[in-house]
>>> print(open('run-v2.cif').read())   # mmCIF, C-alpha atoms and all ligand atoms
data_start
#
loop_
_atom_site.label_atom_id
_atom_site.label_comp_id
_atom_site.auth_asym_id
_atom_site.auth_seq_id
_atom_site.Cartn_x
_atom_site.Cartn_y
_atom_site.Cartn_z
CA MET S 2 185.43 100.23 166.53
CA ILE S 3 184.17 103.15 164.47
CA GLU S 4 186.62 105.82 163.54
CA LEU S 5 185.64 109.28 162.30
CA ALA S 6 187.96 111.36 160.13
CA PRO S 7 187.35 114.84 158.68
CA LEU S 8 186.25 114.96 155.06
CA PRO S 9 188.90 116.31 152.72
CA LEU S 10 187.67 119.84 152.01
CA PRO S 11 188.49 121.62 148.75
CA THR S 12 190.64 124.72 148.99
CA SER S 13 187.55 126.81 148.22
CA ALA S 14 185.90 125.75 151.50
CA ASP S 15 186.23 127.63 154.77
CA PRO S 16 187.58 124.99 157.16
CA SER S 17 186.61 126.92 160.28
CA ILE S 18 182.94 127.25 159.37
CA LEU S 19 182.83 123.70 158.01
CA ARG S 20 184.81 122.12 160.85
CA ASP S 21 181.85 120.01 162.07
CA PHE S 22 180.44 119.36 158.62
CA GLY S 23 180.92 115.86 157.23
CA ARG S 24 183.01 112.91 158.37
CA GLU S 25 184.49 109.83 156.78
CA VAL S 26 183.56 106.73 158.75
CA LYS S 27 186.13 103.96 158.89
CA GLY S 28 186.17 100.52 160.43
CA VAL S 29 182.62 99.29 159.72
CA ARG S 30 180.94 96.88 157.33
CA LEU S 31 177.73 98.60 156.34
CA GLY S 32 175.94 95.38 155.39
CA ALA S 33 176.42 93.95 158.87
CA LEU S 34 176.22 96.71 161.47
CA SER S 35 175.89 95.87 165.15
CA PRO S 36 173.28 97.90 167.07
CA GLU S 37 176.16 99.71 168.82
CA ASP S 38 177.82 100.64 165.53
CA PHE S 39 174.49 101.80 164.14
CA GLY S 40 173.89 103.96 167.21
CA GLN S 41 177.28 105.61 166.75
CA ILE S 42 176.66 106.20 163.06
CA GLN S 43 173.26 107.73 163.73
CA GLY S 44 174.75 110.05 166.37
CA ALA S 45 177.55 111.06 164.00
CA LEU S 46 175.10 111.67 161.16
CA TYR S 47 172.96 114.12 163.12
CA LYS S 48 176.08 115.88 164.38
CA HIS S 49 177.98 116.04 161.08
CA SER S 50 175.14 115.97 158.49
CA VAL S 51 177.03 113.98 155.84
CA LEU S 52 178.94 110.71 156.27
CA LEU S 53 181.22 109.11 153.71
CA PHE S 54 182.05 105.38 153.62
CA ARG S 55 184.69 104.19 151.16
CA ASP S 56 185.21 100.84 149.38
CA VAL S 57 181.66 99.77 150.20
CA GLU S 58 180.12 96.51 148.97
CA LEU S 59 176.35 96.78 149.41
CA THR S 60 173.47 94.86 147.84
CA LEU S 61 170.17 96.55 147.06
CA GLU S 62 168.59 94.80 150.03
CA GLU S 63 171.39 95.95 152.34
CA GLN S 64 171.12 99.53 151.14
CA TYR S 65 167.37 99.48 151.77
CA SER S 66 167.89 98.00 155.27
CA LEU S 67 170.55 100.55 156.12
CA THR S 68 168.31 103.43 155.02
CA LYS S 69 165.31 101.96 156.86
CA ALA S 70 167.28 101.59 160.08
CA PHE S 71 167.01 105.37 160.55
CA ASP S 72 163.21 105.17 160.39
CA PRO S 73 162.07 101.58 160.94
CA GLU S 74 158.38 102.31 160.27
CA ALA S 75 159.10 103.84 156.84
CA GLU S 76 158.24 101.58 153.90
CA ASN S 77 157.93 103.52 150.66
CA TYR S 78 160.43 105.37 148.54
CA GLY S 79 160.41 109.10 149.31
CA HIS S 80 158.12 109.84 146.37
CA GLY S 81 156.05 106.66 146.85
CA ASN S 82 157.08 103.38 145.23
CA ASN S 83 157.03 103.70 141.44
CA LYS S 84 155.05 106.91 141.70
CA VAL S 85 157.77 109.06 140.18
CA ASP S 86 157.88 106.97 137.04
CA ASN S 87 154.11 106.90 136.72
CA SER S 88 153.40 110.60 136.73
CA LYS S 89 154.24 111.47 133.13
CA GLN S 90 154.37 115.19 133.74
CA SER S 91 156.74 115.07 136.72
CA ILE S 92 160.11 116.67 136.12
CA LEU S 93 161.71 113.86 138.15
CA ARG S 94 160.60 111.19 135.69
CA SER S 95 163.62 111.43 133.40
CA VAL S 96 166.25 111.17 136.13
CA ILE S 97 164.97 108.53 138.56
CA LYS S 98 164.27 104.86 137.76
CA SER S 99 163.03 102.36 140.34
CA ILE S 100 164.90 99.04 140.48
CA PRO S 101 162.25 96.29 140.24
CA ARG S 102 163.74 93.91 142.82
CA VAL S 103 163.87 96.58 145.54
CA PRO S 104 161.68 99.46 144.34
CA GLN S 105 162.75 101.70 147.22
CA VAL S 106 166.20 101.85 145.61
CA GLN S 107 166.52 104.05 142.54
CA LEU S 108 168.97 103.89 139.68
CA VAL S 109 170.40 107.29 138.80
CA GLY S 110 173.28 108.17 136.55
CA ASN S 111 174.22 108.69 132.93
CA GLY S 112 174.62 106.72 129.73
CA THR S 113 173.26 103.40 128.51
CA ILE S 114 173.44 100.64 131.11
CA TYR S 115 173.00 96.97 130.25
CA ASP S 116 171.89 94.06 132.40
CA HIS S 117 171.92 95.87 135.70
CA GLU S 118 170.07 94.35 138.69
CA GLY S 119 167.42 92.75 136.47
CA ILE S 120 167.10 95.74 134.11
CA PRO S 121 168.13 94.55 130.60
CA GLU S 122 168.85 98.02 129.19
CA VAL S 123 168.18 101.54 130.34
CA VAL S 124 169.27 104.98 129.21
CA LEU S 125 170.07 107.32 132.10
CA LYS S 126 170.52 111.05 131.78
CA HIS S 127 172.56 113.05 134.26
CA PRO S 128 170.45 116.08 135.08
CA SER S 129 171.74 119.15 133.30
CA HIS S 130 170.91 122.76 134.08
CA THR S 131 170.14 123.21 130.38
CA THR S 132 166.88 121.31 130.86
CA PHE S 133 165.81 123.30 133.93
CA HIS S 134 167.28 126.82 134.10
CA ALA S 135 165.87 129.85 132.29
CA THR S 136 169.32 130.70 130.94
CA HIS S 137 172.20 128.40 130.06
CA VAL S 138 175.96 128.36 129.97
CA SER S 139 176.85 128.89 126.30
CA ARG S 140 178.14 125.94 124.31
CA GLU S 141 181.50 127.68 124.01
CA ASP S 142 181.80 128.15 127.78
CA SER S 143 180.55 124.65 128.38
CA GLU S 144 183.40 123.34 126.23
CA LYS S 145 185.80 125.35 128.40
CA GLY S 146 184.49 123.46 131.44
CA PHE S 147 181.93 125.88 132.87
CA THR S 148 178.75 124.48 134.33
CA ARG S 149 176.13 125.20 137.01
CA PHE S 150 174.44 123.70 140.01
CA TYR S 151 171.35 121.85 138.76
CA ARG S 152 168.72 122.17 141.49
CA TRP S 153 169.31 122.72 145.22
CA HIS S 154 166.84 120.53 147.07
CA MET S 155 166.13 118.04 149.77
CA ASP S 156 164.87 114.63 148.69
CA ALA S 157 161.14 114.92 149.27
CA ALA S 158 157.86 114.65 147.40
CA LEU S 159 156.49 117.56 149.48
CA TYR S 160 152.98 116.24 148.79
CA GLN S 161 151.37 113.26 150.50
CA TYR S 162 154.69 111.84 151.77
CA ALA S 163 156.79 113.19 154.65
CA PRO S 164 160.38 114.18 153.84
CA PRO S 165 162.80 111.26 154.24
CA LYS S 166 165.13 111.43 157.24
CA VAL S 167 168.20 110.18 155.41
CA THR S 168 169.36 109.41 151.89
CA THR S 169 172.00 106.88 150.91
CA LEU S 170 173.80 107.51 147.64
CA TYR S 171 176.11 104.76 146.42
CA GLY S 172 178.50 105.33 143.53
CA LEU S 173 179.05 102.15 141.51
CA ARG S 174 180.48 103.69 138.36
CA VAL S 175 181.97 107.16 138.36
CA PRO S 176 182.90 108.86 135.09
CA GLU S 177 186.49 109.92 134.67
CA GLY S 178 187.38 113.38 133.58
CA GLY S 179 188.71 116.72 134.63
CA GLY S 180 186.89 119.05 136.94
CA GLN S 181 184.40 121.73 135.99
CA ILE S 182 183.88 125.28 137.13
CA ILE S 183 180.48 126.03 138.57
CA ARG S 184 179.31 129.51 137.67
CA TYR S 185 176.62 131.14 139.79
CA ASP S 186 175.68 133.65 137.03
CA ASP S 187 173.64 135.77 139.45
CA GLY S 188 175.63 138.96 139.15
CA THR S 189 177.99 138.15 142.04
CA GLY S 190 180.79 136.70 139.92
CA ASP S 191 180.90 133.71 142.29
CA GLU S 192 182.49 130.55 140.89
CA LEU S 193 183.50 127.23 142.36
CA SER S 194 185.86 124.55 141.04
CA ALA S 195 184.40 121.10 141.44
CA PRO S 196 185.07 117.52 140.39
CA LEU S 197 183.21 116.24 137.32
CA ALA S 198 179.56 115.42 138.09
CA THR S 199 179.99 116.15 141.78
CA THR S 200 177.15 116.10 144.27
CA ALA S 201 177.30 119.39 146.17
CA PHE S 202 176.04 119.76 149.74
CA VAL S 203 175.45 122.70 152.06
CA SER S 204 174.43 122.66 155.70
CA GLY S 205 171.01 123.95 156.69
CA LYS S 206 172.41 124.66 160.14
CA ILE S 207 175.10 126.95 158.76
CA MET S 208 172.51 128.48 156.43
CA PHE S 209 170.50 129.45 159.52
CA ASP S 210 173.48 130.41 161.71
CA ILE S 211 174.90 132.99 159.29
CA LEU S 212 171.63 134.90 158.85
CA PRO S 213 171.32 138.42 160.25
CA PRO S 214 168.95 138.74 163.26
CA GLU S 215 165.93 139.96 161.25
CA LEU S 216 166.06 136.96 158.92
CA LYS S 217 166.56 134.52 161.81
CA SER S 218 163.49 136.07 163.42
CA LEU S 219 161.54 135.64 160.21
CA ALA S 220 162.77 132.07 159.70
CA VAL S 221 161.62 130.79 163.11
CA ARG S 222 158.21 132.42 162.62
CA SER S 223 157.61 131.18 159.07
CA ARG S 224 156.06 128.13 157.46
CA ALA S 225 156.32 127.16 153.81
CA LYS S 226 153.23 125.86 152.07
CA TYR S 227 154.30 123.62 149.22
CA ALA S 228 152.41 123.52 145.94
CA LEU S 229 150.00 120.70 145.15
CA HIS S 230 151.96 118.10 143.17
CA PRO S 231 154.95 120.46 143.25
CA PHE S 232 157.07 118.67 140.65
CA VAL S 233 154.24 118.72 138.17
CA TRP S 234 153.24 122.27 139.15
CA MET S 235 156.75 123.54 138.26
CA SER S 236 157.18 121.41 135.14
CA ARG S 237 156.84 124.34 132.72
CA ALA S 238 158.61 126.88 134.92
CA ARG S 239 162.32 127.63 134.76
CA ALA S 240 164.94 127.91 137.46
CA SER S 241 167.26 130.75 138.37
CA PRO S 242 170.94 130.45 137.42
CA THR S 243 172.15 129.24 140.83
CA GLY S 244 169.60 126.39 140.81
CA LEU S 245 168.31 127.78 144.10
CA GLY S 246 164.69 128.49 143.24
CA MET S 247 162.62 129.49 140.26
CA GLU S 248 162.20 132.50 138.05
CA SER S 249 158.81 134.15 138.40
CA GLU S 250 157.42 134.09 134.87
CA GLY S 251 153.90 132.87 135.61
CA LEU S 252 154.59 129.48 134.02
CA GLU S 253 153.46 127.24 136.92
CA LEU S 254 150.55 124.93 136.14
CA THR S 255 147.11 126.02 137.29
CA PRO S 256 145.16 123.72 139.66
CA SER S 257 142.97 122.51 136.78
CA GLU S 258 146.05 121.43 134.81
CA LEU S 259 147.37 119.28 137.68
CA PRO S 260 146.64 115.57 138.19
CA PRO S 261 143.75 114.99 140.64
CA TRP S 262 144.71 116.46 144.00
CA ASP S 263 143.58 116.40 147.56
CA GLU S 264 144.24 119.41 149.78
CA SER S 265 144.67 117.16 152.82
CA LYS S 266 147.86 115.85 151.24
CA GLN S 267 149.36 119.31 150.79
CA LYS S 268 152.41 120.04 152.97
CA LEU S 269 152.86 122.99 155.29
CA TYR S 270 156.20 122.85 157.08
CA PRO S 271 158.14 125.17 159.37
CA MET S 272 161.06 126.78 157.53
CA VAL S 273 163.36 125.82 160.39
CA TRP S 274 163.69 122.18 161.44
CA LYS S 275 165.02 120.98 164.76
CA ASN S 276 167.80 118.42 164.58
CA PRO S 277 166.64 115.34 166.53
CA GLY S 278 170.20 114.51 167.60
CA THR S 279 171.64 117.90 168.51
CA GLY S 280 168.62 120.18 169.00
CA GLU S 281 170.20 122.64 166.56
CA LEU S 282 168.10 124.57 164.04
CA HIS S 283 168.46 124.00 160.30
CA LEU S 284 166.92 126.20 157.62
CA GLN S 285 165.23 123.56 155.47
CA VAL S 286 163.23 124.86 152.55
CA HIS S 287 162.89 123.45 149.03
CA PRO S 288 162.83 126.82 147.31
CA CYS S 289 161.48 125.63 143.95
CA ALA S 290 158.36 124.08 145.42
CA VAL S 291 157.06 126.77 147.79
CA ALA S 292 153.70 128.26 146.80
CA GLU S 293 152.82 130.30 149.90
CA VAL S 294 154.48 131.50 153.09
CA LEU S 295 152.74 131.96 156.41
CA VAL S 296 154.45 134.21 158.94
CA ASP S 297 153.48 134.33 162.60
CA PRO S 298 153.54 137.74 164.28
CA LEU S 299 156.35 138.56 166.67
CA PRO S 300 155.72 136.88 170.01
CA GLU S 301 154.14 138.98 172.75
CA GLY S 302 156.64 141.25 174.43
CA SER S 303 159.27 140.95 171.67
CA LYS S 304 161.03 144.22 171.00
CA HIS S 305 162.83 143.16 167.88
CA GLU S 306 164.12 146.23 166.06
CA GLY S 307 163.60 146.19 162.30
CA ALA S 308 161.60 142.95 162.36
CA LEU S 309 160.18 141.81 159.02
CA TYR S 310 156.44 141.13 158.90
CA ALA S 311 156.21 141.98 162.62
CA ALA S 312 152.42 141.64 162.55
CA GLY S 313 152.53 138.33 160.67
CA ALA S 314 151.67 137.73 157.01
CA HIS S 315 150.30 135.29 154.47
CA LEU S 316 152.37 135.66 151.32
CA LYS S 317 150.93 134.36 148.06
CA ASP S 318 152.87 136.39 145.51
CA LEU S 319 155.51 134.03 144.08
CA LYS S 320 157.94 136.82 143.22
CA GLU S 321 157.81 138.20 146.77
CA ILE S 322 158.20 134.70 148.25
CA ARG S 323 161.15 133.89 146.01
CA ASP S 324 162.92 137.17 146.67
CA LEU S 325 162.58 136.49 150.37
CA LEU S 326 163.81 132.88 150.13
CA GLN S 327 166.74 134.12 148.06
CA ARG S 328 167.73 136.51 150.87
CA MET S 329 167.49 133.67 153.37
CA GLN S 330 169.15 130.87 151.41
CA ARG S 331 171.62 132.38 148.95
CA PRO S 332 174.22 133.28 151.62
CA GLY S 333 174.29 129.59 152.59
CA ILE S 334 175.43 128.41 149.15
CA ALA S 335 178.41 130.80 148.94
CA PRO S 336 181.40 128.98 147.41
CA LYS S 337 183.21 128.75 150.76
CA LEU S 338 180.24 126.92 152.33
CA VAL S 339 179.79 124.25 149.64
CA TYR S 340 181.11 120.71 149.98
CA PRO S 341 181.40 119.23 146.47
CA HIS S 342 182.03 115.51 146.88
CA ASP S 343 184.80 114.02 144.76
CA TRP S 344 183.20 110.64 143.96
CA LYS S 345 185.29 107.48 143.83
CA GLU S 346 183.79 104.15 142.86
CA LYS S 347 182.24 102.30 145.83
CA ASP S 348 181.78 105.50 147.84
CA LEU S 349 178.60 105.63 149.86
CA MET S 350 177.35 108.97 151.09
CA LEU S 351 174.80 108.94 153.87
CA PHE S 352 173.21 112.31 154.44
CA HIS S 353 170.79 113.86 156.91
CA ASN S 354 168.17 114.87 154.37
CA ARG S 355 166.40 117.06 156.93
CA GLY S 356 169.60 118.91 157.73
CA VAL S 357 171.26 119.66 154.38
CA ILE S 358 170.28 120.63 150.87
CA HIS S 359 172.16 119.23 147.90
CA THR S 360 172.34 119.33 144.12
CA ALA S 361 173.64 117.43 141.16
CA VAL S 362 176.23 119.33 139.15
CA GLY S 363 177.80 119.25 135.75
CA THR S 364 177.33 118.12 132.23
CA LEU S 365 178.08 114.60 131.00
CA ASN S 366 178.22 113.25 127.46
CA ALA S 367 176.33 110.07 126.57
CA ASP S 368 179.56 108.03 126.68
CA GLN S 369 180.43 109.12 130.23
CA VAL S 370 178.75 106.34 132.17
CA ARG S 371 177.68 106.98 135.73
CA VAL S 372 175.79 104.40 137.79
CA PHE S 373 174.51 105.20 141.27
CA HIS S 374 172.01 103.59 143.64
CA GLN S 375 169.97 106.05 145.67
CA CYS S 376 167.59 105.24 148.51
CA ASN S 377 165.43 107.34 150.78
CA LEU S 378 162.13 106.55 152.43
CA ALA S 379 159.03 108.67 152.97
CA ALA S 380 159.27 109.28 156.70
CA SER S 381 156.93 107.95 159.35
CA ASP S 382 156.58 111.44 160.84
CA ASP S 383 156.82 115.10 159.92
CA PRO S 384 159.90 117.16 160.78
CA ALA S 385 159.79 119.07 164.07
CA GLY S 386 159.95 122.85 163.92
CA PRO S 387 161.49 125.21 166.44
CA THR S 388 160.25 124.98 170.04
CA MET S 389 158.57 127.91 171.79
CA LYS S 390 161.90 128.50 173.49
CA ASP S 391 163.69 128.66 170.11
CA VAL S 392 161.10 131.09 168.79
CA THR S 393 161.41 133.31 171.85
CA ARG S 394 165.19 133.25 171.55
CA TRP S 395 165.40 134.20 167.88
CA ALA S 396 162.17 136.07 167.11
FE FE S 401 168.56 114.49 145.67
#
>>> encode(input="run-v2.cif", output="structure tokens", more="lines below")
Ligand SMILES: [Fe+2]
Amino acid sequence: MIELAPLPLPTSADPSILRDFGREVKGVRLGALSPEDFGQIQGALYKHSVLLFRDVELTLEEQYSLTKAFDPEAENYGHGNNKVDNSKQSILRSVIKSIPRVPQVQLVGNGTIYDHEGIPEVVLKHPSHTTFHATHVSREDSEKGFTRFYRWHMDAALYQYAPPKVTTLYGLRVPEGGGQIIRYDDGTGDELSAPLATTAFVSGKIMFDILPPELKSLAVRSRAKYALHPFVWMSRARASPTGLGMESEGLELTPSELPPWDESKQKLYPMVWKNPGTGELHLQVHPCAVAEVLVDPLPEGSKHEGALYAAGAHLKDLKEIRDLLQRMQRPGIAPKLVYPHDWKEKDLMLFHNRGVIHTAVGTLNADQVRVFHQCNLAASDDPAGPTMKDVTRWA
């Protein structure tokens, strides 16, 4: 019998807003789930967005099967099998390594790992904001324990492959050490205490729910057009200090600098995605990768006061797009809305990748070894946007 318990929230979190966010699942063996247990877990995932399982023993094959159970027709890793490693320019290349025996499962972590699942030796690097943000926490402050979010994202190639429905993240070795203080460095003074090398999550549903009416109206009318080969396109560009989007410095690659591309593989997705389990709306945008925004006009008969882009729009100016996304998404990563997971060895986090965004956090030294297995699969379908009824309600 499956038992659901609330996740332990940090004191920084607002327990009333986060009351439905996250659950610990007890009383199951993940490698051998009955169809009934799986059904309950799937229902709980769509309702609570993030599920934690503790003391998990899971082979690569079992992790792949568990992930695939949420989308049985999915076959390839979310970025295509081995594709991440092959594209030399991709900014994901240094942090994700496919495991040969089950290439849909990726090895992520930090430090030098020996003889792991058929890999004789590999050097892993925990992603650090210093390799991605335009500005950095000073060495002095870093030594005092200050750090930043790395990059808020959903797990998705956003080109050719549809965004995975779920991700499983399995902590095999977790570095020991005191917590760090995440600084937002965006002029707000916001800070958040977090465990060392946490994975931080926020809910796309809450991100939508807390928006003022004019931004909800805009969100349900808008679609994000993602760049061609987005992770190559942004490889020279630099992120803003919260890790939620990019600075606009004109550093993106031009189309002629990109690997061969095919416009039919480019992704155009609604900004708001409908939860297949609950019908709720989640604001789901990968802010770093958006190249254009298409806004539908207000629906006929709508008398929305103060509506933005009431007549519709096609935004191509990156600064304008990013300022707008910042207004829509930044409230949703306020310290009180963030769940920073305190990893213990053998924890498995299962998250609704189409319902949350997440980020790596922190700075690790080479001798702080971290070994995780991550799996997500390019989905067999595209996410559903808001229905006509949703648009009429919120536009
Ligand atoms: Fe991720």
>>> closest_atom_pairs(input="run-v2.cif", of="chain S", to="ligand FE 401 (chain S)", cutoff="9 Å", atoms="all atoms listed in the file", output="tab-separated table")
residue	atom	partner	partner_atom	distance
S:Arg152	CA	S:FE401	FE	8.7
S:Trp153	CA	S:FE401	FE	8.3
S:His154	CA	S:FE401	FE	6.4
S:Met155	CA	S:FE401	FE	5.9
S:Asp156	CA	S:FE401	FE	4.8
S:Ala157	CA	S:FE401	FE	8.3
S:Thr168	CA	S:FE401	FE	8.1
S:Leu170	CA	S:FE401	FE	8.9
S:Thr200	CA	S:FE401	FE	8.9
S:Asn354	CA	S:FE401	FE	8.7
S:Ile358	CA	S:FE401	FE	8.2
S:His359	CA	S:FE401	FE	6.4
S:Thr360	CA	S:FE401	FE	6.3
S:Ala361	CA	S:FE401	FE	7.4
S:Gln375	CA	S:FE401	FE	8.6
>>> write_last_selection(input="run-v2.cif", atoms="C-alpha atoms", output="PDB file, in the coordinates of the input")
ATOM      1  CA  ARG S 152     168.720 122.170 141.490  1.00  0.00           C
ATOM      2  CA  TRP S 153     169.310 122.720 145.220  1.00  0.00           C
ATOM      3  CA  HIS S 154     166.840 120.530 147.070  1.00  0.00           C
ATOM      4  CA  MET S 155     166.130 118.040 149.770  1.00  0.00           C
ATOM      5  CA  ASP S 156     164.870 114.630 148.690  1.00  0.00           C
ATOM      6  CA  ALA S 157     161.140 114.920 149.270  1.00  0.00           C
ATOM      7  CA  THR S 168     169.360 109.410 151.890  1.00  0.00           C
ATOM      8  CA  LEU S 170     173.800 107.510 147.640  1.00  0.00           C
ATOM      9  CA  THR S 200     177.150 116.100 144.270  1.00  0.00           C
ATOM     10  CA  ASN S 354     168.170 114.870 154.370  1.00  0.00           C
ATOM     11  CA  ILE S 358     170.280 120.630 150.870  1.00  0.00           C
ATOM     12  CA  HIS S 359     172.160 119.230 147.900  1.00  0.00           C
ATOM     13  CA  THR S 360     172.340 119.330 144.120  1.00  0.00           C
ATOM     14  CA  ALA S 361     173.640 117.430 141.160  1.00  0.00           C
ATOM     15  CA  GLN S 375     169.970 106.050 145.670  1.00  0.00           C
TER      16      GLN S 375
END
>>> closest_residue(input="run-v2.cif", among="S:Lys317, S:Arg184, S:Lys48, S:Arg371", to="Ile114 (chain S)", atoms="only C-alpha atoms")
S:Arg371
>>> atom_distance(input="run-v2.cif", atom1="CA of Glu215 (chain S)", atom2="CA of Leu299 (chain S)")
11.1 Å
>>> atom_distance(input="run-v2.cif", atom1="CA of His80 (chain S)", atom2="CA of Ala163 (chain S)")
9.0 Å
>>> residues_around(input="run-v2.cif", residues="Pro277 (chain S)", least_positions_apart="4", cutoff="10 Å", atoms="only C-alpha atoms", output="list in words")
Gly44, Tyr47, Lys48, Glu281, Leu282, Arg355, Gly356, Pro384 and Ala385 of chain S
>>> atom_distance(input="run-v2.cif", atom1="CA of Gly28 (chain S)", atom2="CA of Val51 (chain S)")
16.9 Å
>>> residues_near_point(input="run-v2.cif", point="(156.7, 111.8, 152.5)", cutoff="7 Å", atoms="all atoms listed in the file", output="ChimeraX atom specification")
/S:79-80,157-165,379-380
>>> residues_around(input="run-v2.cif", residues="Leu8 (chain S)", least_positions_apart="5", cutoff="8 Å", atoms="all atoms listed in the file", output="ChimeraX atom specification")
/S:23-25,53
>>> closest_residue(input="run-v2.cif", among="S:Val29, S:Ala335, S:Leu254, S:Leu259", to="Ser13 (chain S)", atoms="all atoms listed in the file")
S:Ala335
>>> closest_residue(input="run-v2.cif", among="S:Val123, S:Ala33, S:Leu19, S:Ile182", to="Thr364 (chain S)", atoms="all atoms listed in the file")
S:Ile182
>>> residues_around(input="run-v2.cif", residues="Ser99 (chain S)", least_positions_apart="3", cutoff="7 Å", atoms="all atoms listed in the file", output="compact mmCIF listing (two decimals) with C-alpha atoms, in the coordinates of the input")
# COMPACT_ATOMS: atom_id res chain seq x y z
CA ASN S 83 157.03 103.70 141.44
CA PRO S 104 161.68 99.46 144.34
CA GLN S 105 162.75 101.70 147.22
CA VAL S 106 166.20 101.85 145.61
CA GLN S 107 166.52 104.05 142.54
CA LEU S 108 168.97 103.89 139.68
>>> residues_around(input="run-v2.cif", residues="region 130-144 of chain S", least_positions_apart="4", cutoff="6 Å", atoms="all atoms listed in the file", output="ChimeraX atom specification")
/S:151,239-241
>>> write_last_selection(input="run-v2.cif", atoms="C-alpha atoms", output="PDB file, keeping the file's coordinate frame")
ATOM      1  CA  TYR S 151     171.350 121.850 138.760  1.00  0.00           C
ATOM      2  CA  ARG S 239     162.320 127.630 134.760  1.00  0.00           C
ATOM      3  CA  ALA S 240     164.940 127.910 137.460  1.00  0.00           C
ATOM      4  CA  SER S 241     167.260 130.750 138.370  1.00  0.00           C
TER       5      SER S 241
END
>>> residues_near_point(input="run-v2.cif", point="(164.3, 127.9, 159.4)", cutoff="10 Å", atoms="all atoms listed in the file", output="ChimeraX atom specification")
/S:205-206,208-210,216-225,270-275,282-286,329-330,386-387
>>> closest_residue(input="run-v2.cif", among="S:Ala367, S:Ala75, S:Leu325, S:Ile3", to="Pro128 (chain S)", atoms="all atoms listed in the file")
S:Ala367
>>> closest_residue(input="run-v2.cif", among="S:Glu253, S:Asp186, S:Asp383, S:Asp72", to="Trp234 (chain S)", atoms="all atoms listed in the file")
S:Glu253
>>> residues_around(input="run-v2.cif", residues="Tyr171 (chain S)", least_positions_apart="5", cutoff="12 Å", atoms="all atoms listed in the file", output="MDAnalysis selection string")
chainID S and resid 31 52:61 63:65 67:68 106:110 200 344:352 371:377
>>> write_last_selection(input="run-v2.cif", atoms="C-alpha atoms", output="PDB file, keeping the file's coordinate frame")
ATOM      1  CA  LEU S  31     177.730  98.600 156.340  1.00  0.00           C
ATOM      2  CA  LEU S  52     178.940 110.710 156.270  1.00  0.00           C
ATOM      3  CA  LEU S  53     181.220 109.110 153.710  1.00  0.00           C
ATOM      4  CA  PHE S  54     182.050 105.380 153.620  1.00  0.00           C
ATOM      5  CA  ARG S  55     184.690 104.190 151.160  1.00  0.00           C
ATOM      6  CA  ASP S  56     185.210 100.840 149.380  1.00  0.00           C
ATOM      7  CA  VAL S  57     181.660  99.770 150.200  1.00  0.00           C
ATOM      8  CA  GLU S  58     180.120  96.510 148.970  1.00  0.00           C
ATOM      9  CA  LEU S  59     176.350  96.780 149.410  1.00  0.00           C
ATOM     10  CA  THR S  60     173.470  94.860 147.840  1.00  0.00           C
ATOM     11  CA  LEU S  61     170.170  96.550 147.060  1.00  0.00           C
ATOM     12  CA  GLU S  63     171.390  95.950 152.340  1.00  0.00           C
ATOM     13  CA  GLN S  64     171.120  99.530 151.140  1.00  0.00           C
ATOM     14  CA  TYR S  65     167.370  99.480 151.770  1.00  0.00           C
ATOM     15  CA  LEU S  67     170.550 100.550 156.120  1.00  0.00           C
ATOM     16  CA  THR S  68     168.310 103.430 155.020  1.00  0.00           C
ATOM     17  CA  VAL S 106     166.200 101.850 145.610  1.00  0.00           C
ATOM     18  CA  GLN S 107     166.520 104.050 142.540  1.00  0.00           C
ATOM     19  CA  LEU S 108     168.970 103.890 139.680  1.00  0.00           C
ATOM     20  CA  VAL S 109     170.400 107.290 138.800  1.00  0.00           C
ATOM     21  CA  GLY S 110     173.280 108.170 136.550  1.00  0.00           C
ATOM     22  CA  THR S 200     177.150 116.100 144.270  1.00  0.00           C
ATOM     23  CA  TRP S 344     183.200 110.640 143.960  1.00  0.00           C
ATOM     24  CA  LYS S 345     185.290 107.480 143.830  1.00  0.00           C
ATOM     25  CA  GLU S 346     183.790 104.150 142.860  1.00  0.00           C
ATOM     26  CA  LYS S 347     182.240 102.300 145.830  1.00  0.00           C
ATOM     27  CA  ASP S 348     181.780 105.500 147.840  1.00  0.00           C
ATOM     28  CA  LEU S 349     178.600 105.630 149.860  1.00  0.00           C
ATOM     29  CA  MET S 350     177.350 108.970 151.090  1.00  0.00           C
ATOM     30  CA  LEU S 351     174.800 108.940 153.870  1.00  0.00           C
ATOM     31  CA  PHE S 352     173.210 112.310 154.440  1.00  0.00           C
ATOM     32  CA  ARG S 371     177.680 106.980 135.730  1.00  0.00           C
ATOM     33  CA  VAL S 372     175.790 104.400 137.790  1.00  0.00           C
ATOM     34  CA  PHE S 373     174.510 105.200 141.270  1.00  0.00           C
ATOM     35  CA  HIS S 374     172.010 103.590 143.640  1.00  0.00           C
ATOM     36  CA  GLN S 375     169.970 106.050 145.670  1.00  0.00           C
ATOM     37  CA  CYS S 376     167.590 105.240 148.510  1.00  0.00           C
ATOM     38  CA  ASN S 377     165.430 107.340 150.780  1.00  0.00           C
TER      39      ASN S 377
END
>>> closest_residue(input="run-v2.cif", among="S:Ile322, S:Ala290, S:Leu378, S:Ile211", to="Val233 (chain S)", atoms="only C-alpha atoms")
S:Ala290
